[in-house]
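final34.cif, holding mmCIF, C-alpha atoms and all ligand atoms:
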data_structure
#
loop_
_atom_site.label_atom_id
_atom_site.label_comp_id
_atom_site.auth_asym_id
_atom_site.auth_seq_id
_atom_site.Cartn_x
_atom_site.Cartn_y
_atom_site.Cartn_z
CA MET P 1 73.90 86.46 93.46
CA LYS P 2 76.75 85.44 95.79
CA ILE P 3 80.20 85.86 94.23
CA LEU P 4 83.37 84.09 95.35
CA ALA P 5 86.21 86.59 94.74
CA ILE P 6 89.93 85.77 94.60
CA GLU P 7 92.84 88.25 94.64
CA THR P 8 96.51 87.18 94.31
CA SER P 9 98.03 89.97 92.19
CA CYS P 10 100.84 90.93 94.59
CA ASP P 11 101.66 89.90 98.15
CA GLU P 12 98.26 89.28 99.74
CA THR P 13 96.39 86.01 99.22
CA ALA P 14 92.76 87.01 99.58
CA VAL P 15 89.32 85.43 99.18
CA ALA P 16 85.89 86.91 99.88
CA ILE P 17 82.22 86.18 99.35
CA VAL P 18 80.28 89.26 98.26
CA GLU P 19 76.59 89.46 97.39
CA ASP P 20 74.56 92.07 95.55
CA GLN P 21 71.71 93.25 97.74
CA ASN P 22 69.52 96.09 96.48
CA PHE P 23 72.09 96.84 93.76
CA GLN P 24 74.92 97.15 96.26
CA PRO P 25 77.77 94.88 97.36
CA VAL P 26 77.45 93.27 100.79
CA VAL P 27 80.51 91.44 102.15
CA HIS P 28 79.79 88.08 103.82
CA THR P 29 83.37 86.93 104.36
CA ASN P 30 86.72 88.58 103.71
CA VAL P 31 89.94 86.68 104.47
CA VAL P 32 93.46 87.98 103.74
CA ALA P 33 96.74 86.11 104.30
CA SER P 34 99.52 88.66 104.19
CA GLN P 35 103.03 87.71 103.08
CA VAL P 36 104.44 90.91 104.55
CA ALA P 37 106.53 89.17 107.21
CA VAL P 38 108.36 87.12 104.54
CA HIS P 39 108.90 90.05 102.17
CA ALA P 40 110.05 92.32 105.01
CA GLN P 41 113.16 90.11 105.27
CA THR P 42 114.17 90.96 101.69
CA GLY P 43 112.93 94.58 101.80
CA GLY P 44 110.40 94.03 99.01
CA VAL P 45 108.34 91.50 97.08
CA ILE P 46 110.29 88.83 95.16
CA PRO P 47 107.77 87.64 92.53
CA ASN P 48 108.71 83.92 92.57
CA VAL P 49 108.55 83.79 96.35
CA ALA P 50 105.18 85.57 96.35
CA ALA P 51 103.74 83.16 93.75
CA ARG P 52 104.93 80.13 95.72
CA LEU P 53 103.37 81.51 98.91
CA HIS P 54 100.06 82.11 97.08
CA THR P 55 100.09 78.45 96.01
CA GLU P 56 100.68 77.38 99.60
CA ASN P 57 98.14 79.75 101.15
CA LEU P 58 95.26 79.83 98.68
CA PRO P 59 93.60 76.45 99.50
CA ARG P 60 93.54 77.33 103.21
CA ILE P 61 92.21 80.84 102.59
CA LEU P 62 89.56 79.48 100.21
CA ARG P 63 88.43 77.06 102.89
CA GLU P 64 88.33 79.77 105.55
CA ALA P 65 86.41 82.25 103.39
CA THR P 66 83.80 79.65 102.45
CA LYS P 67 83.34 78.25 105.96
CA ALA P 68 79.77 78.78 107.10
CA PRO P 69 79.13 80.26 110.52
CA ARG P 70 77.64 77.57 112.77
CA ARG P 71 74.08 78.90 112.36
CA ASP P 72 74.28 78.40 108.55
CA TYR P 73 75.26 74.72 108.70
CA GLN P 74 73.08 72.62 106.46
CA PRO P 75 72.97 69.14 108.02
CA LYS P 76 72.30 67.17 104.82
CA GLY P 77 73.08 69.72 102.09
CA THR P 78 75.81 69.21 99.54
CA PHE P 79 77.59 72.21 101.00
CA GLY P 80 76.93 71.43 104.66
CA GLY P 81 79.43 73.48 106.64
CA GLN P 82 80.29 75.60 103.65
CA LEU P 83 78.91 78.85 102.25
CA ASP P 84 77.70 78.36 98.73
CA TYR P 85 78.12 80.88 95.89
CA ASP P 86 76.74 81.38 92.39
CA ALA P 87 79.66 82.98 90.51
CA VAL P 88 83.43 83.39 90.60
CA ALA P 89 85.48 86.60 90.20
CA VAL P 90 89.25 86.94 90.05
CA THR P 91 91.90 89.63 89.53
CA VAL P 92 93.45 89.21 86.06
CA GLY P 93 95.85 92.21 86.14
CA PRO P 94 97.76 94.39 86.61
CA GLY P 95 100.19 92.59 88.91
CA GLN P 96 102.94 89.98 88.99
CA VAL P 97 102.12 87.44 86.29
CA GLY P 98 103.12 84.38 88.35
CA CYS P 99 101.01 85.63 91.25
CA LEU P 100 97.98 86.40 89.07
CA LEU P 101 98.13 82.91 87.54
CA VAL P 102 97.75 81.21 90.92
CA GLY P 103 94.42 82.92 91.64
CA MET P 104 93.26 82.63 88.04
CA SER P 105 93.93 78.86 87.86
CA ALA P 106 91.88 78.31 91.00
CA ALA P 107 89.05 80.59 89.84
CA LYS P 108 88.89 79.06 86.37
CA THR P 109 88.89 75.53 87.78
CA ILE P 110 86.03 76.34 90.16
CA ALA P 111 84.01 78.14 87.45
CA MET P 112 84.56 75.33 84.95
CA SER P 113 83.90 72.40 87.26
CA ARG P 114 80.75 73.94 88.74
CA ASN P 115 79.62 75.69 85.55
CA LEU P 116 79.43 79.10 87.23
CA PRO P 117 79.55 82.59 85.67
CA PHE P 118 83.10 84.00 85.64
CA TYR P 119 84.08 87.66 86.11
CA ALA P 120 87.58 88.88 85.14
CA ILE P 121 88.37 91.92 87.27
CA ASN P 122 91.03 94.62 86.92
CA HIS P 123 92.83 95.13 90.25
CA LEU P 124 92.49 98.93 89.94
CA GLU P 125 88.77 98.58 89.33
CA GLY P 126 88.68 96.57 92.56
CA HIS P 127 90.33 99.45 94.43
CA ILE P 128 87.77 101.85 92.92
CA TYR P 129 84.82 99.69 93.97
CA SER P 130 86.15 99.39 97.53
CA ALA P 131 84.43 102.81 97.90
CA TRP P 132 81.09 101.15 97.14
CA ILE P 133 81.35 98.74 100.08
CA GLY P 134 79.31 100.27 102.88
CA GLN P 135 76.04 101.82 103.83
CA ASP P 136 76.29 105.01 101.87
CA PRO P 137 77.88 104.53 98.43
CA PRO P 138 79.25 107.46 96.41
CA GLU P 139 77.05 109.32 93.96
CA LEU P 140 78.21 109.64 90.33
CA PRO P 141 79.95 111.47 88.73
CA ALA P 142 82.79 110.72 91.12
CA LEU P 143 86.41 111.78 91.22
CA ILE P 144 88.54 108.77 92.16
CA VAL P 145 91.83 109.53 93.90
CA MET P 146 93.73 106.26 93.62
CA VAL P 147 96.90 106.02 95.70
CA SER P 148 98.52 102.60 95.94
CA GLY P 149 101.96 101.00 95.87
CA LEU P 150 102.14 101.15 92.08
CA HIS P 151 99.55 103.70 91.01
CA THR P 152 98.72 107.32 91.71
CA GLU P 153 95.88 108.45 89.51
CA LEU P 154 92.97 110.82 89.24
CA ILE P 155 90.04 109.18 87.47
CA LEU P 156 86.68 110.64 86.51
CA MET P 157 83.85 108.14 86.74
CA GLU P 158 80.65 109.49 85.19
CA ARG P 159 78.88 106.13 85.14
CA HIS P 160 79.52 102.66 86.44
CA LEU P 161 82.40 100.75 84.81
CA TYR P 162 83.49 103.76 82.71
CA TYR P 163 86.72 105.47 83.66
CA GLN P 164 88.35 108.60 82.28
CA HIS P 165 92.01 109.12 83.21
CA LEU P 166 92.65 112.70 84.24
CA GLY P 167 96.25 112.32 85.39
CA SER P 168 98.72 109.85 86.81
CA THR P 169 102.24 109.84 88.17
CA ARG P 170 105.15 110.49 85.83
CA ASP P 171 107.49 108.37 87.97
CA ASP P 172 107.04 106.89 91.47
CA ALA P 173 103.63 106.12 92.93
CA ALA P 174 102.69 107.63 96.32
CA GLY P 175 102.99 104.24 98.07
CA GLU P 176 106.34 103.65 96.42
CA ALA P 177 107.54 107.03 97.77
CA PHE P 178 106.41 106.00 101.28
CA ASP P 179 108.25 102.68 100.92
CA LYS P 180 111.47 104.28 99.61
CA VAL P 181 111.57 107.05 102.22
CA ALA P 182 110.80 104.53 104.96
CA ARG P 183 113.81 102.55 103.79
CA LEU P 184 115.99 105.66 103.99
CA LEU P 185 114.83 106.05 107.59
CA GLY P 186 115.64 102.41 108.38
CA LEU P 187 111.99 101.33 108.66
CA PRO P 188 110.73 97.89 107.54
CA TYR P 189 108.80 97.03 104.35
CA PRO P 190 106.08 98.01 103.54
CA GLY P 191 107.05 101.45 104.72
CA GLY P 192 103.70 103.28 104.75
CA PRO P 193 102.37 102.13 108.15
CA PRO P 194 105.65 102.42 110.17
CA LEU P 195 106.45 105.78 108.57
CA ALA P 196 102.97 107.10 109.43
CA GLU P 197 103.43 105.88 113.00
CA LEU P 198 106.87 107.52 113.30
CA ALA P 199 105.42 110.75 111.87
CA THR P 200 103.00 111.04 114.81
CA HIS P 201 106.07 111.81 117.01
CA GLY P 202 107.50 114.42 114.63
CA ASP P 203 107.09 118.08 113.66
CA GLU P 204 105.72 118.37 110.10
CA THR P 205 107.09 121.90 109.71
CA ALA P 206 110.67 120.90 110.58
CA PHE P 207 111.78 120.35 106.96
CA GLN P 208 110.52 121.97 103.73
CA PHE P 209 110.31 119.46 100.90
CA PRO P 210 109.24 120.41 97.36
CA ILE P 211 105.75 119.86 95.95
CA ALA P 212 106.34 118.64 92.41
CA LEU P 213 104.45 120.16 89.45
CA GLU P 214 102.74 122.58 91.83
CA GLU P 215 102.36 125.37 89.29
CA ASN P 216 101.71 122.98 86.47
CA ASP P 217 98.14 123.05 85.12
CA SER P 218 98.16 119.34 84.45
CA LEU P 219 96.69 116.76 86.78
CA GLU P 220 99.88 114.71 86.79
CA PHE P 221 101.95 113.77 89.83
CA SER P 222 105.65 113.21 90.42
CA PHE P 223 107.15 111.80 93.61
CA SER P 224 110.71 110.88 92.63
CA GLY P 225 111.98 114.43 93.25
CA LEU P 226 110.49 114.37 96.75
CA LYS P 227 112.21 111.09 97.51
CA GLY P 228 115.46 112.58 96.16
CA ALA P 229 115.05 115.68 98.37
CA VAL P 230 114.55 113.48 101.46
CA ALA P 231 117.63 111.39 100.54
CA HIS P 232 119.65 114.59 100.09
CA GLN P 233 118.51 115.86 103.49
CA VAL P 234 119.23 112.53 105.23
CA ALA P 235 122.75 112.49 103.74
CA LYS P 236 123.48 115.85 105.44
CA LEU P 237 122.36 114.63 108.88
CA PRO P 238 124.21 112.46 111.43
CA ASN P 239 124.23 108.72 110.81
CA PRO P 240 122.46 106.97 112.50
CA LEU P 241 119.66 109.55 112.57
CA PRO P 242 118.46 110.53 116.03
CA ARG P 243 114.91 109.22 116.45
CA HIS P 244 113.33 112.68 116.83
CA THR P 245 115.01 113.86 113.59
CA ALA P 246 113.77 110.75 111.76
CA ALA P 247 110.27 111.51 113.12
CA ASP P 248 110.51 115.13 111.88
CA ILE P 249 111.54 113.92 108.41
CA ALA P 250 108.70 111.35 108.35
CA ALA P 251 106.14 113.99 109.38
CA SER P 252 107.43 116.60 106.90
CA PHE P 253 107.50 114.04 104.07
CA GLN P 254 103.99 112.78 104.88
CA LYS P 255 102.65 116.36 104.95
CA THR P 256 104.22 117.04 101.53
CA VAL P 257 102.59 113.93 100.02
CA SER P 258 99.19 114.95 101.45
CA GLU P 259 99.61 118.54 100.19
CA THR P 260 100.57 117.33 96.72
CA ILE P 261 97.54 115.05 96.43
CA LYS P 262 95.23 117.69 97.94
CA LYS P 263 96.33 120.36 95.44
CA LYS P 264 95.80 118.08 92.44
CA MET P 265 92.42 116.92 93.78
CA LEU P 266 91.27 120.55 94.17
CA ARG P 267 92.51 121.36 90.68
CA ALA P 268 90.53 118.43 89.24
CA LEU P 269 87.40 119.57 91.09
CA HIS P 270 87.89 123.05 89.63
CA VAL P 271 88.30 121.72 86.07
CA TYR P 272 85.36 119.26 86.36
CA PRO P 273 82.65 121.14 88.30
CA GLY P 274 79.88 118.49 87.96
CA ILE P 275 81.48 116.02 90.36
CA LYS P 276 79.28 114.86 93.28
CA SER P 277 81.66 112.62 95.27
CA VAL P 278 85.38 112.17 95.84
CA CYS P 279 86.59 108.64 96.63
CA LEU P 280 90.03 108.09 98.14
CA VAL P 281 91.11 104.49 97.44
CA GLY P 282 94.21 102.23 97.40
CA GLY P 283 96.72 101.24 100.09
CA VAL P 284 97.84 104.80 100.85
CA ALA P 285 94.19 105.74 101.52
CA ALA P 286 94.84 104.01 104.87
CA ASN P 287 97.01 107.01 105.79
CA ARG P 288 95.20 109.08 108.42
CA HIS P 289 97.02 112.32 107.61
CA LEU P 290 95.97 112.06 103.95
CA ARG P 291 92.38 111.12 104.80
CA THR P 292 92.01 114.08 107.15
CA SER P 293 93.76 116.53 104.87
CA LEU P 294 91.54 115.71 101.84
CA GLU P 295 88.39 115.69 103.97
CA GLN P 296 89.17 119.11 105.44
CA ALA P 297 89.95 120.55 102.00
CA ILE P 298 86.62 119.28 100.62
CA ASN P 299 84.64 120.57 103.60
CA ALA P 300 86.28 123.98 103.28
CA ASN P 301 86.09 124.36 99.48
CA HIS P 302 83.25 122.10 98.28
CA PRO P 303 80.92 121.52 101.26
CA SER P 304 78.21 119.93 99.09
CA LEU P 305 80.55 117.15 97.89
CA ARG P 306 80.62 113.72 99.53
CA PHE P 307 84.02 112.40 100.57
CA VAL P 308 84.13 108.60 100.67
CA VAL P 309 87.02 106.56 102.08
CA PRO P 310 86.72 102.80 102.51
CA ASP P 311 87.08 101.11 105.85
CA LEU P 312 90.81 100.55 106.54
CA LYS P 313 90.58 96.81 105.79
CA TYR P 314 89.34 97.57 102.26
CA CYS P 315 92.14 100.08 101.45
CA THR P 316 95.07 97.68 101.16
CA ASP P 317 94.75 94.66 98.87
CA ASN P 318 91.77 92.40 99.60
CA ALA P 319 89.26 90.27 97.69
CA ALA P 320 86.08 91.99 98.95
CA MET P 321 86.87 94.90 96.60
CA ILE P 322 87.24 92.44 93.69
CA GLY P 323 83.84 90.97 94.61
CA ALA P 324 82.37 94.49 94.83
CA ALA P 325 83.59 95.29 91.29
CA ALA P 326 82.20 91.93 90.12
CA VAL P 327 78.79 92.83 91.57
CA TYR P 328 78.66 95.78 89.13
CA HIS P 329 79.91 93.61 86.23
CA HIS P 330 77.02 91.27 87.08
CA LEU P 331 74.45 94.08 87.42
CA PHE P 332 75.46 95.48 84.01
CA GLY P 333 75.60 92.05 82.36
CA HIS P 334 79.37 91.85 81.74
CA VAL P 335 80.10 88.14 82.14
CA ASP P 336 83.43 86.79 80.84
CA ASP P 337 84.37 83.53 79.17
CA TRP P 338 87.00 82.01 81.45
CA ALA P 339 88.56 80.06 78.56
CA SER P 340 89.55 83.21 76.67
CA ILE P 341 90.84 85.29 79.60
CA THR P 342 94.59 85.47 80.22
CA ALA P 343 96.61 87.17 82.95
CA ASP P 344 97.85 90.62 81.90
CA PRO P 345 100.56 92.09 84.16
CA ASN P 346 100.12 95.53 82.52
CA LEU P 347 96.34 95.56 82.22
CA GLU P 348 95.00 99.09 81.91
CA LEU P 349 91.80 100.36 83.37
CA GLY P 350 89.47 100.39 80.39
CA GLN P 351 85.86 100.22 79.41
CA PRO P 352 84.09 96.86 79.59
O1 LIG S 1 96.90 99.01 97.38
P1 LIG S 1 98.05 98.31 98.00
O2 LIG S 1 97.78 97.38 99.15
O3 LIG S 1 98.86 97.49 96.95
C1 LIG S 1 98.98 97.89 95.62
O4 LIG S 1 98.05 97.63 94.82
O5 LIG S 1 100.01 98.55 95.34
O6 LIG S 1 99.07 99.46 98.45
C2 LIG S 1 100.25 99.16 99.12
C3 LIG S 1 100.96 100.48 99.43
C4 LIG S 1 102.36 100.29 100.00
O7 LIG S 1 103.23 101.14 99.29
C5 LIG S 1 102.20 100.72 101.45
O8 LIG S 1 103.40 101.26 102.00
C6 LIG S 1 101.11 101.75 101.36
O9 LIG S 1 100.21 101.21 100.42
N1 LIG S 1 100.42 101.97 102.65
C7 LIG S 1 100.46 103.14 103.32
C8 LIG S 1 99.73 102.93 104.52
N2 LIG S 1 99.28 101.63 104.53
C9 LIG S 1 99.71 101.07 103.36
N3 LIG S 1 101.05 104.31 103.02
C10 LIG S 1 100.92 105.32 103.91
N4 LIG S 1 100.25 105.19 105.08
C11 LIG S 1 99.65 104.04 105.43
N5 LIG S 1 98.99 103.94 106.60
ZN ZN S 2 96.35 97.13 95.24
#
Would you mind writing the file's structure down as structure tokens?
Amino acid sequence: MKILAIETSCDETAVAIVEDQNFQPVVHTNVVASQVAVHAQTGGVIPNVAARLHTENLPRILREATKAPRRDYQPKGTFGGQLDYDAVAVTVGPGQVGCLLVGMSAAKTIAMSRNLPFYAINHLEGHIYSAWIGQDPPELPALIVMVSGLHTELILMERHLYYQHLGSTRDDAAGEAFDKVARLLGLPYPGGPPLAELATHGDETAFQFPIALEENDSLEFSFSGLKGAVAHQVAKLPNPLPRHTAADIAASFQKTVSETIKKKMLRALHVYPGIKSVCLVGGVAANRHLRTSLEQAINANHPSLRFVVPDLKYCTDNAAMIGAAAVYHHLFGHVDDWASITADPNLELGQP
């Protein structure tokens, strides 16, 4: 079954074609049109602007993602020059409602007009299933470490499509902390990538920032205090900040985020000893320092565990991950009725 997947929940317009082969998702095409350059001018995503850009971009991205490579051209077929598909999947939440509706209208129209099965996918579930794209998928039970612009969560997944929340952030998400600290350092939006780049020139031991809830037995996170500590430190330093000082702050901040996530991951592995894999997913999973730090901690403390991180292009928002989640909805028989599905900006990760 080939699934056309559409993702428009925030600021990336994305379409992919994903197929289940031997009970695993295989990505045929994966096209993303980023709106980052537009949102960088305003320092963040303005929902109406993002929705309008999705409307402008989606037809072009749909055409690109369904364009057949030359060798697949069917001279007389109905879909000559186009890749065909057998089902449609779309992100229905969480996200900006106006943005979600753009992708959902397109997906519903395609499913209805071609009478295709329809899969309503939770964006967070998409991030989780980005770990299943690849040669060597994780073994269950898995601990999911989800770190994105809006979510920081530890999730226990004992079987496919079933998620148990172990802990989340009490305030800012990890990606949000990166974006806010980057702004303090005068870096553009989204702040994660430029801050990580700046950090490579800095000394991560130069400043000591606090690890929130370190002694707390819970599996919850908090990043607003860390952002406050960085702001407090920046206020005491010369303005504008010398570049090497900004690099030291970036490196020290990044190390603190990695340490915080590492400690909570190790605590979760201690509390839930049956776990076989750890999957690091979401936009912040693109951060090399975090990837390395979690991998080293697992190798040192739990050498029999598998550590799975998606390819960089599947960490930040994309539609291949939505297609990958839809493959498992299909394999477990969870088809949706497009007519009764509505966009839900606050959709929680639940059971099917
Ligand atoms: O998953 P995502 O693309 O969108 C959401 O669903 O939120 O995550 C976006 C977040 C942004 O906060 C961005 O700054 C962060 O991921 N991010 C990074 C890196 N690349 C993206 N943070 C740290 N290091 C990176 N290399
Ligand atoms: Zn996302």
Item checked: Exercise answer, 7 Å around ligand LIG 1 (chain S) with only C-alpha atoms and all ligand atoms, as a count of residues only -> 23
Next item on the list: Grab the CA of Ser222 (chain P) to CA of Asn346 (chain P) distance for me, in Å with one decimal place.
Entry: 20.1 Å
Checklist line | Non-local contacts of region 230-237 of chain P (10 Å; all atoms listed in the file; under 2 positions in same chain excluded) as a PyMOL selection string | finding: chain P and resi 180-181+184-185+207-210+224-228+239-242+245-246+249-250+252-253
Notebook entry, point to check: Can you list, as a PyMOL selection string, every protein, DNA or RNA residue that comes within 9 Å of region 159-170 of chain P when you count all atoms listed in the file, leaving out same-chain residues fewer than 2 positions away?
Noted result: chain P and resi 125+140-142+151-157+172-174+218-224+268+325+328-329+332+349-352
Notebook entry, point to check: In Å, how far is it from CA of Thr29 (chain P) to CA of Thr292 (chain P)?
Noted result: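 Spanning CA of Thr29 (chain P) to CA of Thr292 (chain P) is a straight-line distance of 28.6 Å.
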Check: How many Å separate CA of Phe23 (chain P) from CA of Ala324 (chain P)?
Finding: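 Distance between the two atoms: 10.6 Å.
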Excluding region 93-105 of chain P and any residue of its chain fewer than 5 positions from it, enumerate the residues within 10 Å of it, using all atoms listed in the file, and give them as a compact mmCIF listing (two decimals) with C-alpha atoms, in the frame of the given file.
# COMPACT_ATOMS: atom_id res chain seq x y z
CA ALA P 5 86.21 86.59 94.74
CA ILE P 6 89.93 85.77 94.60
CA GLU P 7 92.84 88.25 94.64
CA THR P 8 96.51 87.18 94.31
CA SER P 9 98.03 89.97 92.19
CA CYS P 10 100.84 90.93 94.59
CA ASP P 11 101.66 89.90 98.15
CA GLU P 12 98.26 89.28 99.74
CA THR P 13 96.39 86.01 99.22
CA ALA P 14 92.76 87.01 99.58
CA VAL P 15 89.32 85.43 99.18
CA VAL P 45 108.34 91.50 97.08
CA ILE P 46 110.29 88.83 95.16
CA PRO P 47 107.77 87.64 92.53
CA ASN P 48 108.71 83.92 92.57
CA VAL P 49 108.55 83.79 96.35
CA ALA P 50 105.18 85.57 96.35
CA ALA P 51 103.74 83.16 93.75
CA ARG P 52 104.93 80.13 95.72
CA LEU P 53 103.37 81.51 98.91
CA HIS P 54 100.06 82.11 97.08
CA THR P 55 100.09 78.45 96.01
CA GLU P 56 100.68 77.38 99.60
CA LEU P 58 95.26 79.83 98.68
CA ILE P 110 86.03 76.34 90.16
CA ALA P 111 84.01 78.14 87.45
CA ALA P 120 87.58 88.88 85.14
CA ILE P 121 88.37 91.92 87.27
CA ASN P 122 91.03 94.62 86.92
CA HIS P 123 92.83 95.13 90.25
CA LEU P 124 92.49 98.93 89.94
CA LEU P 150 102.14 101.15 92.08
CA TRP P 338 87.00 82.01 81.45
CA ILE P 341 90.84 85.29 79.60
CA THR P 342 94.59 85.47 80.22
CA ALA P 343 96.61 87.17 82.95
CA ASP P 344 97.85 90.62 81.90
CA PRO P 345 100.56 92.09 84.16
CA ASN P 346 100.12 95.53 82.52
CA LEU P 347 96.34 95.56 82.22
CA GLU P 348 95.00 99.09 81.91
CA LEU P 349 91.80 100.36 83.37
Residue neighbourhood Ala37 (chain P), 10 Å, all atoms listed in the file, exclusion window fewer than 4 positions, as a PDB file with C-alpha atoms, keeping the file's coordinate frame:
ATOM      1  CA  GLN P  41     113.160  90.110 105.270  1.00  0.00           C
ATOM      2  CA  THR P  42     114.170  90.960 101.690  1.00  0.00           C
ATOM      3  CA  GLY P  43     112.930  94.580 101.800  1.00  0.00           C
ATOM      4  CA  PRO P 188     110.730  97.890 107.540  1.00  0.00           C
ATOM      5  CA  TYR P 189     108.800  97.030 104.350  1.00  0.00           C
ATOM      6  CA  PRO P 190     106.080  98.010 103.540  1.00  0.00           C
TER       7      PRO P 190
END
Next item on the list: Quick one: everything within 7 Å of Val308 (chain P), counting all atoms listed in the file, minus sequence neighbours fewer than 5 positions away in the same chain. Send it as a list in words.
Entry: Ala131, Pro138, Val278, Cys279 and Leu280 of chain P
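In terms of minimum interatomic distance to ligand ZN 2 (chain S), P:Ser130 ranks closest within P:Ser293, P:Ser130, P:Thr109, P:Ser340, counting only C-alpha atoms and all ligand atoms.
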Item checked: Pick from P:Arg60, P:Arg291, P:His334, P:His270, whichever lies nearest to Pro310 (chain P) using all atoms listed in the file -> P:Arg291
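Closest approach to ligand ZN 2 (chain S) from the set P:His127, P:Lys67, P:Arg243, P:Gly81 is made by P:His127, with distances taken over only C-alpha atoms and all ligand atoms.
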Checklist line | Pick from P:Asn318, P:Ala247, P:Lys255, P:Thr260 nearest to Asn216 (chain P), counting all atoms listed in the file | finding: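 Once distances to Asn216 (chain P) are computed over all atoms listed in the file, the minimum belongs to P:Thr260.
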Item checked: Counting all atoms listed in the file, the option among P:Asp203, P:Glu197, P:Glu158, P:Glu19 closest to Ala87 (chain P) ->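 Ranked by minimum distance to Ala87 (chain P), first place goes to P:Glu19.
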Next item on the list: May I ask which of the residues P:Val36, P:Ala339, P:Val271, P:Ala251 is the closest one to His289 (chain P), counting all atoms listed in the file?
Entry: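 When distances to His289 (chain P) are compared using all atoms listed in the file, the smallest one comes from P:Ala251.
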